[in-house]
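Trainee: Following this line is run_3.csv, made up of CSV, C-alpha atoms:
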```csv
chain,number,residue,atom,x,y,z
V,1,MET,CA,82.6,86.1,98.8
V,2,ASP,CA,79.1,84.8,98.4
V,3,ASP,CA,78.6,85.9,94.8
V,4,LYS,CA,78.9,82.8,92.7
V,5,ARG,CA,79.8,84.8,89.6
V,6,LEU,CA,82.7,86.4,91.4
V,7,LYS,CA,84.0,83.0,92.5
V,8,GLU,CA,83.8,81.7,88.9
V,9,LEU,CA,85.5,84.8,87.6
V,10,LEU,CA,88.3,84.5,90.1
V,11,HIS,CA,88.7,80.8,89.4
V,12,TRP,CA,89.0,81.4,85.6
V,13,SER,CA,91.4,84.3,86.2
V,14,ILE,CA,93.7,82.1,88.4
V,15,GLU,CA,93.8,79.3,85.8
V,16,ASN,CA,94.7,81.8,83.0
V,17,SER,CA,97.5,83.5,85.0
V,18,GLU,CA,99.9,80.5,85.1
V,19,ASN,CA,102.1,82.1,82.4
V,20,GLY,CA,103.0,84.7,85.0
V,21,LYS,CA,104.9,82.2,87.0
V,22,ALA,CA,108.4,81.0,86.8
V,23,ALA,CA,109.3,77.5,85.6
V,24,ASP,CA,109.5,76.3,89.2
V,25,GLY,CA,106.0,77.6,89.9
V,26,SER,CA,107.1,80.6,91.9
V,27,VAL,CA,105.8,84.1,91.4
V,28,PRO,CA,108.5,86.5,90.4
V,29,GLU,CA,109.4,89.4,92.8
V,30,THR,CA,108.5,92.2,90.5
V,31,PRO,CA,106.3,95.3,91.0
V,32,THR,CA,103.7,93.6,88.7
V,33,ALA,CA,101.0,91.3,89.6
V,34,PRO,CA,100.8,87.7,88.1
V,35,ALA,CA,100.2,88.0,84.4
V,36,SER,CA,96.6,87.4,83.4
V,37,ASN,CA,94.7,87.1,80.2
V,38,LEU,CA,91.6,88.3,82.0
V,39,THR,CA,91.1,91.7,80.3
V,40,PRO,CA,88.2,93.9,81.4
V,41,GLU,CA,86.4,92.9,78.2
V,42,VAL,CA,86.8,89.2,79.1
V,43,MET,CA,85.7,89.9,82.6
V,44,ALA,CA,82.5,91.5,81.3
V,45,ALA,CA,81.7,88.5,79.1
V,46,LEU,CA,82.4,86.1,82.0
V,47,MET,CA,80.2,87.9,84.4
V,48,GLY,CA,77.3,88.3,82.1
V,49,GLY,CA,78.0,91.8,80.8
V,50,PRO,CA,78.3,94.0,83.9
V,51,SER,CA,79.5,97.6,83.5
V,52,GLU,CA,83.1,98.5,84.1
V,53,ALA,CA,82.0,100.1,87.3
V,54,ASP,CA,80.7,96.7,88.4
V,55,LEU,CA,84.0,95.2,87.5
V,56,MET,CA,85.9,97.8,89.5
V,57,ARG,CA,83.7,97.1,92.6
V,58,ALA,CA,84.1,93.3,92.1
V,59,SER,CA,87.9,93.6,91.9
V,60,MET,CA,88.0,95.7,95.0
V,61,GLU,CA,85.8,93.2,96.8
V,62,ILE,CA,88.3,90.5,96.0
V,63,ILE,CA,91.2,92.7,97.1
V,64,THR,CA,89.7,93.4,100.5
V,65,ALA,CA,88.1,90.0,101.2
V,66,SER,CA,89.6,88.1,104.2
V,67,ASP,CA,89.1,84.7,102.6
V,68,VAL,CA,91.1,85.3,99.4
V,69,THR,CA,94.7,84.3,98.9
V,70,LEU,CA,97.5,86.8,98.3
V,71,GLU,CA,98.0,85.5,94.7
V,72,ASN,CA,94.3,85.9,93.9
V,73,LYS,CA,94.3,89.4,95.4
V,74,LEU,CA,97.2,90.4,93.2
V,75,ILE,CA,95.3,89.1,90.1
V,76,ALA,CA,92.3,91.2,91.1
V,77,PHE,CA,94.6,94.2,91.6
V,78,ASP,CA,96.0,93.7,88.1
V,79,ASN,CA,92.5,93.7,86.7
V,80,PHE,CA,91.6,96.8,88.7
V,81,GLU,CA,94.7,98.6,87.5
V,82,GLN,CA,93.8,97.8,83.9
V,83,LEU,CA,90.3,99.3,84.4
V,84,ILE,CA,91.5,102.6,86.0
V,85,GLU,CA,93.9,103.2,83.1
V,86,SER,CA,90.7,104.7,81.6
V,87,LEU,CA,90.3,108.3,82.6
V,88,ASP,CA,86.5,107.9,83.0
V,89,ASN,CA,87.0,104.9,85.3
V,90,ALA,CA,89.6,106.6,87.3
V,91,ASN,CA,87.3,109.6,87.8
V,92,ASN,CA,84.5,107.2,88.8
V,93,MET,CA,86.4,105.8,91.7
V,94,ALA,CA,85.1,108.6,94.0
V,95,ASN,CA,81.5,107.9,93.0
V,96,LEU,CA,82.0,104.2,93.7
V,97,GLY,CA,83.6,104.8,97.1
V,98,LEU,CA,86.8,103.0,96.0
V,99,TRP,CA,89.4,105.5,97.2
V,100,THR,CA,89.1,104.6,100.9
V,101,PRO,CA,89.5,100.8,100.5
V,102,LEU,CA,92.4,101.4,97.9
V,103,LEU,CA,94.3,103.6,100.3
V,104,ALA,CA,93.8,101.2,103.1
V,105,GLN,CA,95.8,98.7,101.2
V,106,LEU,CA,98.9,101.0,101.5
V,107,ALA,CA,99.1,99.8,105.1
V,108,ASP,CA,98.7,96.1,104.3
V,109,ALA,CA,101.1,93.7,106.0
V,110,GLU,CA,102.0,92.2,102.6
V,111,ALA,CA,104.6,94.2,100.6
V,112,GLU,CA,103.2,93.0,97.3
V,113,ILE,CA,99.8,94.4,98.3
V,114,ARG,CA,101.3,97.7,99.3
V,115,THR,CA,103.2,97.8,95.9
V,116,MET,CA,100.0,97.2,93.9
V,117,ALA,CA,98.1,99.7,95.9
V,118,ALA,CA,100.7,102.4,95.2
V,119,TRP,CA,100.8,101.4,91.6
V,120,CYS,CA,97.0,101.8,91.3
V,121,VAL,CA,97.1,105.2,93.0
V,122,GLY,CA,99.8,106.3,90.5
V,123,THR,CA,97.8,105.1,87.6
V,124,ALA,CA,94.6,106.8,88.8
V,125,VAL,CA,96.1,110.2,89.3
V,126,GLN,CA,98.5,110.4,86.4
V,127,ASN,CA,97.8,113.5,84.2
V,128,ASN,CA,94.4,113.8,85.9
V,129,GLU,CA,93.6,116.9,88.0
V,130,LYS,CA,90.3,115.5,89.1
V,131,THR,CA,91.7,112.4,90.7
V,132,GLN,CA,94.8,114.4,92.0
V,133,GLU,CA,92.3,116.6,93.9
V,134,ARG,CA,90.5,113.5,95.2
V,135,LEU,CA,93.7,111.9,96.4
V,136,LEU,CA,94.6,115.0,98.3
V,137,ALA,CA,91.1,115.3,99.8
V,138,VAL,CA,91.1,111.8,101.2
V,139,GLY,CA,94.5,112.2,102.8
V,140,GLY,CA,96.5,110.0,100.3
V,141,ILE,CA,99.7,112.1,100.2
V,142,LYS,CA,100.8,111.4,103.7
V,143,PRO,CA,100.9,107.5,103.5
V,144,LEU,CA,102.6,107.7,100.1
V,145,VAL,CA,105.3,110.0,101.6
V,146,GLU,CA,105.7,107.6,104.6
V,147,MET,CA,106.0,104.6,102.3
V,148,ALA,CA,108.5,106.3,100.0
V,149,THR,CA,110.8,107.3,102.9
V,150,ARG,CA,110.3,104.6,105.5
V,151,GLU,CA,113.4,102.8,106.7
V,152,GLY,CA,113.1,99.1,106.4
V,153,GLU,CA,110.5,99.3,103.6
V,154,THR,CA,111.3,97.2,100.6
V,155,ALA,CA,112.9,98.9,97.6
V,156,THR,CA,110.0,97.8,95.4
V,157,VAL,CA,107.3,99.4,97.6
V,158,ARG,CA,109.3,102.6,97.9
V,159,ARG,CA,109.8,102.9,94.2
V,160,LYS,CA,106.1,102.5,93.6
V,161,ALA,CA,105.3,105.0,96.3
V,162,VAL,CA,107.6,107.5,94.6
V,163,TYR,CA,105.9,106.8,91.3
V,164,ALA,CA,102.5,107.5,92.8
V,165,LEU,CA,103.8,110.7,94.4
V,166,SER,CA,105.3,111.9,91.1
V,167,SER,CA,102.0,111.3,89.4
V,168,ALA,CA,100.1,113.1,92.2
V,169,ILE,CA,102.1,116.3,92.3
V,170,ARG,CA,103.0,117.0,88.6
V,171,ASN,CA,100.9,119.9,87.3
V,172,TYR,CA,98.9,120.0,90.5
V,173,GLN,CA,100.3,122.7,92.9
V,174,PRO,CA,98.2,121.8,96.0
V,175,GLY,CA,99.4,118.2,95.8
V,176,LEU,CA,103.0,119.3,95.5
V,177,ASP,CA,102.7,121.7,98.4
V,178,ALA,CA,101.2,119.0,100.5
V,179,ALA,CA,103.9,116.5,99.6
V,180,VAL,CA,106.6,119.0,100.5
V,181,ALA,CA,104.9,119.6,103.9
V,182,GLU,CA,104.7,115.8,104.6
V,183,LEU,CA,108.3,115.3,103.5
V,184,ALA,CA,109.3,118.0,106.0
V,185,ALA,CA,107.4,116.2,108.7
V,186,VAL,CA,109.6,113.1,108.2
V,187,GLY,CA,112.8,115.1,108.2
V,188,GLN,CA,113.3,115.7,104.5
V,189,THR,CA,113.3,119.4,103.4
V,190,PHE,CA,112.6,120.4,99.9
V,191,GLU,CA,111.8,123.8,98.4
V,192,LYS,CA,108.3,124.4,97.2
V,193,VAL,CA,108.5,124.6,93.4
V,194,ASP,CA,106.2,125.3,90.5
V,195,ALA,CA,104.2,122.1,89.9
V,196,THR,CA,104.1,122.8,86.1
V,197,ASP,CA,107.9,122.9,85.9
V,198,MET,CA,108.9,119.3,85.4
V,199,GLU,CA,112.6,119.9,86.0
V,200,ALA,CA,111.8,121.7,89.2
V,201,VAL,CA,109.5,118.8,90.3
V,202,ASP,CA,112.4,116.4,89.6
V,203,THR,CA,114.4,118.1,92.3
V,204,ILE,CA,112.0,116.5,94.7
V,205,ILE,CA,111.3,113.2,92.9
V,206,THR,CA,114.8,112.3,91.8
V,207,PRO,CA,116.3,112.2,95.3
V,208,LEU,CA,113.4,110.1,96.5
V,209,ARG,CA,114.0,107.7,93.7
V,210,GLU,CA,117.6,107.4,94.6
V,211,GLN,CA,116.7,106.8,98.3
V,212,ALA,CA,114.2,104.1,97.2
V,213,LYS,CA,117.1,102.1,95.7
V,214,GLY,CA,118.5,101.7,99.1
V,215,GLY,CA,115.3,100.0,100.5
V,216,ALA,CA,115.3,96.6,102.0
V,217,SER,CA,115.4,93.6,99.8
V,218,GLY,CA,112.3,91.5,99.3
```
Could you spell out this file's structure in structure tokens?

Mentor:
Amino acid sequence: MDDKRLKELLHWSIENSENGKAADGSVPETPTAPASNLTPEVMAALMGGPSEADLMRASMEIITASDVTLENKLIAFDNFEQLIESLDNANNMANLGLWTPLLAQLADAEAEIRTMAAWCVGTAVQNNEKTQERLLAVGGIKPLVEMATREGETATVRRKAVYALSSAIRNYQPGLDAAVAELAAVGQTFEKVDATDMEAVDTIITPLREQAKGGASG
């Protein structure tokens, strides 16, 4: 983390995220990252007007850095998720080489990092065939299925993995077929259905949601 601007950005972001803590100073156990007033627009102003692509890269640099605390990584993840709510930014993830480092976070030792990674995947692929195709191409369906069904995984992580899978397979038949195959590999058999039939897709997603409720606490 040698970039002085990134350090200043992160410092400002931390100071302005205190309203995301409980009264005792703890960080709530919710699927969301610490609240932050650091919108993409404010980030751009603080960093001297970089593009949103620059901000996406900067956020991922913080997320993957070894010398950044968990809380700060969660703040960066929250910023990244805001950025990829934009269809153009989500589509640009492939050009920026951000899919591989994002998916790597699905295997992080910290449950909160895994949760945020799955959340960002779900945001990126929701109602977006281009990013659904990219997720499938980079092998993202398998780790999501494993997270959603893994014994001992936290309920929060499992729910976010199911959310990401739901976003990845709706209206995208290759993704749905891949998910069904991966689910069979972990011992869960579902019929292949029409990805454009939302009720049919729910015959896969709803049982996974119910299973996720039984995940480990924490």

Trainee: Rank nothing, just name the residue among V:Ala184, V:Ala179, V:Leu83, V:Leu74 nearest to V:Ala117, using only C-alpha atoms.

Mentor: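 Smallest distance to V:Ala117 is found for V:Leu74.
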
Trainee: Would you mind listing what lies within 9 Å of stretch 100-116 of chain V as a ChimeraX atom specification, with all atoms listed in the file counted and same-chain residues fewer than 3 positions away left out?

Mentor: /V:29-33,60,63-64,70,73-74,77-78,81,94,97,119-121,138-140,143-144,147,153-154,156-161,218

Trainee: Set out as a Markdown table a contact list for stretch 159-186 of chain V and stretch 195-215 of chain V with a cut-off of 7 Å, giving each residue of stretch 159-186 of chain V that qualifies its closest atom pair and distance in Å to one decimal, counting all atoms listed in the file, ordered by chain and rising residue number.

Mentor:
```
| residue | atom | partner | partner_atom | distance |
| --- | --- | --- | --- | --- |
| V:Arg159 | CA | V:Ala212 | CA | 5.5 |
| V:Val162 | CA | V:Arg209 | CA | 6.5 |
| V:Ser166 | CA | V:Ile205 | CA | 6.4 |
| V:Ile169 | CA | V:Ala195 | CA | 6.6 |
| V:Arg170 | CA | V:Ala195 | CA | 5.4 |
| V:Asn171 | CA | V:Thr196 | CA | 4.5 |
| V:Tyr172 | CA | V:Ala195 | CA | 5.7 |
| V:Gln173 | CA | V:Ala195 | CA | 5.0 |
| V:Leu176 | CA | V:Ala195 | CA | 6.4 |
```

Trainee: Choose the residue, out of V:Ala148, V:Ala137, V:Leu183, V:Val125, that has the smallest atom-to-atom separation from V:Ser167; count all atoms listed in the file.

Mentor: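 For V:Ser167, the nearest of the given residues is V:Val125.
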
Trainee: Of the candidates V:Asp194, V:Glu61, V:Glu129, V:Glu52, which shows the shortest atom-to-atom distance to V:Ile84, using all atoms listed in the file?

Mentor: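 Ranking V:Asp194, V:Glu61, V:Glu129, V:Glu52 by distance to V:Ile84, first place goes to V:Glu52.
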
Trainee: Atom CA of V:Ala124 and atom CA of V:Val180, how far apart in Å?

Mentor: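 A separation of 20.7 Å between them.
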
Trainee: Using atom CA of V:Ala76 and atom CA of V:Tyr163 as the two end points, give the distance in Å to one decimal.

Mentor: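 Separating atom CA of V:Ala76 from atom CA of V:Tyr163 is a distance of 20.7 Å.
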
Trainee: Report, in Å with one decimal, the straight-line distance from atom CA of V:Leu55 to atom CA of V:Asn95.

Mentor: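 Value for the atom CA of V:Leu55-atom CA of V:Asn95 distance: 14.1 Å.
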
Trainee: Which of these, V:Lys192, V:Leu98, V:Arg150, V:Asp88, has the shortest distance to V:Ala58 once you count all atoms listed in the file?

Mentor: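 Among V:Lys192, V:Leu98, V:Arg150, V:Asp88, it is V:Leu98 that comes nearest to V:Ala58.
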
Trainee: Using only C-alpha atoms, pick whichever of V:Val145, V:Ile75, V:Ala181, V:Ala164 has the shortest atom-to-atom distance to V:Ala118.

Mentor: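 Of all the options, V:Ala164 lies closest to V:Ala118.
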
Trainee: Return as lines of an AutoDock Vina configuration file the box centre and box size in Å, one decimal, for an axis-aligned box around all listed atoms of stretch 83-87 of chain V padded by 4 Å per side.

Mentor:
```
center_x = 92.1
center_y = 103.8
center_z = 83.8
size_x = 11.6
size_y = 17.0
size_z = 12.4
```

Trainee: Just checking: using only C-alpha atoms, which residue out of V:Asn79, V:Gly175, V:Glu85, V:Leu136 ends up closest to V:Met56?

Mentor: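 When distances to V:Met56 are compared using only C-alpha atoms, the smallest one comes from V:Asn79.
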
Trainee: Some atoms are absent from stretch 60-86 of chain V, so rebuild N, CA, C and O atoms and return them as a PDB file, in the coordinates of the input.

Mentor:
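The result, written out as rebuild17.pdb:
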```pdb
ATOM      1  N   MET V  60      87.693  95.220  93.712  1.00  0.00           N
ATOM      2  CA  MET V  60      88.000  95.700  95.000  1.00  0.00           C
ATOM      3  C   MET V  60      87.451  94.797  96.122  1.00  0.00           C
ATOM      4  O   MET V  60      88.044  94.634  97.199  1.00  0.00           O
ATOM      5  N   GLU V  61      86.313  94.163  95.851  1.00  0.00           N
ATOM      6  CA  GLU V  61      85.800  93.200  96.800  1.00  0.00           C
ATOM      7  C   GLU V  61      86.711  92.040  97.017  1.00  0.00           C
ATOM      8  O   GLU V  61      86.913  91.571  98.145  1.00  0.00           O
ATOM      9  N   ILE V  62      87.299  91.560  95.920  1.00  0.00           N
ATOM     10  CA  ILE V  62      88.300  90.500  96.000  1.00  0.00           C
ATOM     11  C   ILE V  62      89.511  90.931  96.767  1.00  0.00           C
ATOM     12  O   ILE V  62      90.034  90.229  97.636  1.00  0.00           O
ATOM     13  N   ILE V  63      89.986  92.124  96.455  1.00  0.00           N
ATOM     14  CA  ILE V  63      91.200  92.700  97.100  1.00  0.00           C
ATOM     15  C   ILE V  63      91.035  92.778  98.590  1.00  0.00           C
ATOM     16  O   ILE V  63      91.968  92.499  99.352  1.00  0.00           O
ATOM     17  N   THR V  64      89.862  93.177  99.039  1.00  0.00           N
ATOM     18  CA  THR V  64      89.700  93.400 100.500  1.00  0.00           C
ATOM     19  C   THR V  64      89.061  92.265 101.226  1.00  0.00           C
ATOM     20  O   THR V  64      88.887  92.347 102.443  1.00  0.00           O
ATOM     21  N   ALA V  65      88.750  91.181 100.529  1.00  0.00           N
ATOM     22  CA  ALA V  65      88.100  90.000 101.200  1.00  0.00           C
ATOM     23  C   ALA V  65      89.161  89.319 102.096  1.00  0.00           C
ATOM     24  O   ALA V  65      90.341  89.221 101.765  1.00  0.00           O
ATOM     25  N   SER V  66      88.695  88.814 103.218  1.00  0.00           N
ATOM     26  CA  SER V  66      89.600  88.100 104.200  1.00  0.00           C
ATOM     27  C   SER V  66      89.828  86.680 103.790  1.00  0.00           C
ATOM     28  O   SER V  66      90.759  86.055 104.306  1.00  0.00           O
ATOM     29  N   ASP V  67      88.978  86.118 102.914  1.00  0.00           N
ATOM     30  CA  ASP V  67      89.100  84.700 102.600  1.00  0.00           C
ATOM     31  C   ASP V  67      89.671  84.462 101.195  1.00  0.00           C
ATOM     32  O   ASP V  67      89.421  83.435 100.575  1.00  0.00           O
ATOM     33  N   VAL V  68      90.459  85.404 100.699  1.00  0.00           N
ATOM     34  CA  VAL V  68      91.100  85.300  99.400  1.00  0.00           C
ATOM     35  C   VAL V  68      92.594  85.257  99.564  1.00  0.00           C
ATOM     36  O   VAL V  68      93.150  85.991 100.378  1.00  0.00           O
ATOM     37  N   THR V  69      93.264  84.397  98.811  1.00  0.00           N
ATOM     38  CA  THR V  69      94.700  84.300  98.900  1.00  0.00           C
ATOM     39  C   THR V  69      95.421  85.492  98.371  1.00  0.00           C
ATOM     40  O   THR V  69      94.864  86.260  97.576  1.00  0.00           O
ATOM     41  N   LEU V  70      96.673  85.636  98.761  1.00  0.00           N
ATOM     42  CA  LEU V  70      97.500  86.800  98.300  1.00  0.00           C
ATOM     43  C   LEU V  70      97.582  86.734  96.761  1.00  0.00           C
ATOM     44  O   LEU V  70      97.408  87.767  96.110  1.00  0.00           O
ATOM     45  N   GLU V  71      97.863  85.590  96.178  1.00  0.00           N
ATOM     46  CA  GLU V  71      98.000  85.500  94.700  1.00  0.00           C
ATOM     47  C   GLU V  71      96.729  85.961  94.018  1.00  0.00           C
ATOM     48  O   GLU V  71      96.775  86.696  93.026  1.00  0.00           O
ATOM     49  N   ASN V  72      95.591  85.550  94.534  1.00  0.00           N
ATOM     50  CA  ASN V  72      94.300  85.900  93.900  1.00  0.00           C
ATOM     51  C   ASN V  72      94.048  87.419  94.056  1.00  0.00           C
ATOM     52  O   ASN V  72      93.485  88.059  93.162  1.00  0.00           O
ATOM     53  N   LYS V  73      94.448  87.979  95.193  1.00  0.00           N
ATOM     54  CA  LYS V  73      94.300  89.400  95.400  1.00  0.00           C
ATOM     55  C   LYS V  73      95.156  90.190  94.387  1.00  0.00           C
ATOM     56  O   LYS V  73      94.734  91.222  93.856  1.00  0.00           O
ATOM     57  N   LEU V  74      96.353  89.691  94.130  1.00  0.00           N
ATOM     58  CA  LEU V  74      97.200  90.400  93.200  1.00  0.00           C
ATOM     59  C   LEU V  74      96.653  90.315  91.766  1.00  0.00           C
ATOM     60  O   LEU V  74      96.781  91.271  90.996  1.00  0.00           O
ATOM     61  N   ILE V  75      96.004  89.207  91.421  1.00  0.00           N
ATOM     62  CA  ILE V  75      95.300  89.100  90.100  1.00  0.00           C
ATOM     63  C   ILE V  75      94.214  90.132  90.037  1.00  0.00           C
ATOM     64  O   ILE V  75      94.049  90.835  89.031  1.00  0.00           O
ATOM     65  N   ALA V  76      93.425  90.245  91.105  1.00  0.00           N
ATOM     66  CA  ALA V  76      92.300  91.200  91.100  1.00  0.00           C
ATOM     67  C   ALA V  76      92.888  92.639  91.038  1.00  0.00           C
ATOM     68  O   ALA V  76      92.307  93.505  90.376  1.00  0.00           O
ATOM     69  N   PHE V  77      94.012  92.881  91.703  1.00  0.00           N
ATOM     70  CA  PHE V  77      94.600  94.200  91.600  1.00  0.00           C
ATOM     71  C   PHE V  77      95.070  94.519  90.207  1.00  0.00           C
ATOM     72  O   PHE V  77      94.933  95.654  89.737  1.00  0.00           O
ATOM     73  N   ASP V  78      95.609  93.521  89.509  1.00  0.00           N
ATOM     74  CA  ASP V  78      96.000  93.700  88.100  1.00  0.00           C
ATOM     75  C   ASP V  78      94.833  94.088  87.262  1.00  0.00           C
ATOM     76  O   ASP V  78      94.904  94.978  86.406  1.00  0.00           O
ATOM     77  N   ASN V  79      93.716  93.408  87.485  1.00  0.00           N
ATOM     78  CA  ASN V  79      92.500  93.700  86.700  1.00  0.00           C
ATOM     79  C   ASN V  79      92.022  95.136  87.048  1.00  0.00           C
ATOM     80  O   ASN V  79      91.610  95.889  86.153  1.00  0.00           O
ATOM     81  N   PHE V  80      92.074  95.507  88.322  1.00  0.00           N
ATOM     82  CA  PHE V  80      91.600  96.800  88.700  1.00  0.00           C
ATOM     83  C   PHE V  80      92.514  97.919  88.085  1.00  0.00           C
ATOM     84  O   PHE V  80      92.009  98.932  87.587  1.00  0.00           O
ATOM     85  N   GLU V  81      93.818  97.669  88.062  1.00  0.00           N
ATOM     86  CA  GLU V  81      94.700  98.600  87.500  1.00  0.00           C
ATOM     87  C   GLU V  81      94.443  98.829  85.989  1.00  0.00           C
ATOM     88  O   GLU V  81      94.490  99.958  85.471  1.00  0.00           O
ATOM     89  N   GLN V  82      94.116  97.739  85.282  1.00  0.00           N
ATOM     90  CA  GLN V  82      93.800  97.800  83.900  1.00  0.00           C
ATOM     91  C   GLN V  82      92.520  98.720  83.683  1.00  0.00           C
ATOM     92  O   GLN V  82      92.446  99.537  82.758  1.00  0.00           O
ATOM     93  N   LEU V  83      91.559  98.532  84.557  1.00  0.00           N
ATOM     94  CA  LEU V  83      90.300  99.300  84.400  1.00  0.00           C
ATOM     95  C   LEU V  83      90.516 100.773  84.654  1.00  0.00           C
ATOM     96  O   LEU V  83      89.947 101.607  83.933  1.00  0.00           O
ATOM     97  N   ILE V  84      91.335 101.148  85.645  1.00  0.00           N
ATOM     98  CA  ILE V  84      91.500 102.600  86.000  1.00  0.00           C
ATOM     99  C   ILE V  84      92.505 103.268  85.074  1.00  0.00           C
ATOM    100  O   ILE V  84      92.760 104.459  85.255  1.00  0.00           O
ATOM    101  N   GLU V  85      93.070 102.540  84.110  1.00  0.00           N
ATOM    102  CA  GLU V  85      93.900 103.200  83.100  1.00  0.00           C
ATOM    103  C   GLU V  85      92.953 104.133  82.258  1.00  0.00           C
ATOM    104  O   GLU V  85      93.418 105.106  81.655  1.00  0.00           O
ATOM    105  N   SER V  86      91.664 103.822  82.233  1.00  0.00           N
ATOM    106  CA  SER V  86      90.700 104.700  81.600  1.00  0.00           C
ATOM    107  C   SER V  86      90.412 105.893  82.433  1.00  0.00           C
ATOM    108  O   SER V  86      90.130 105.781  83.636  1.00  0.00           O
TER     109      SER V  86
END
```
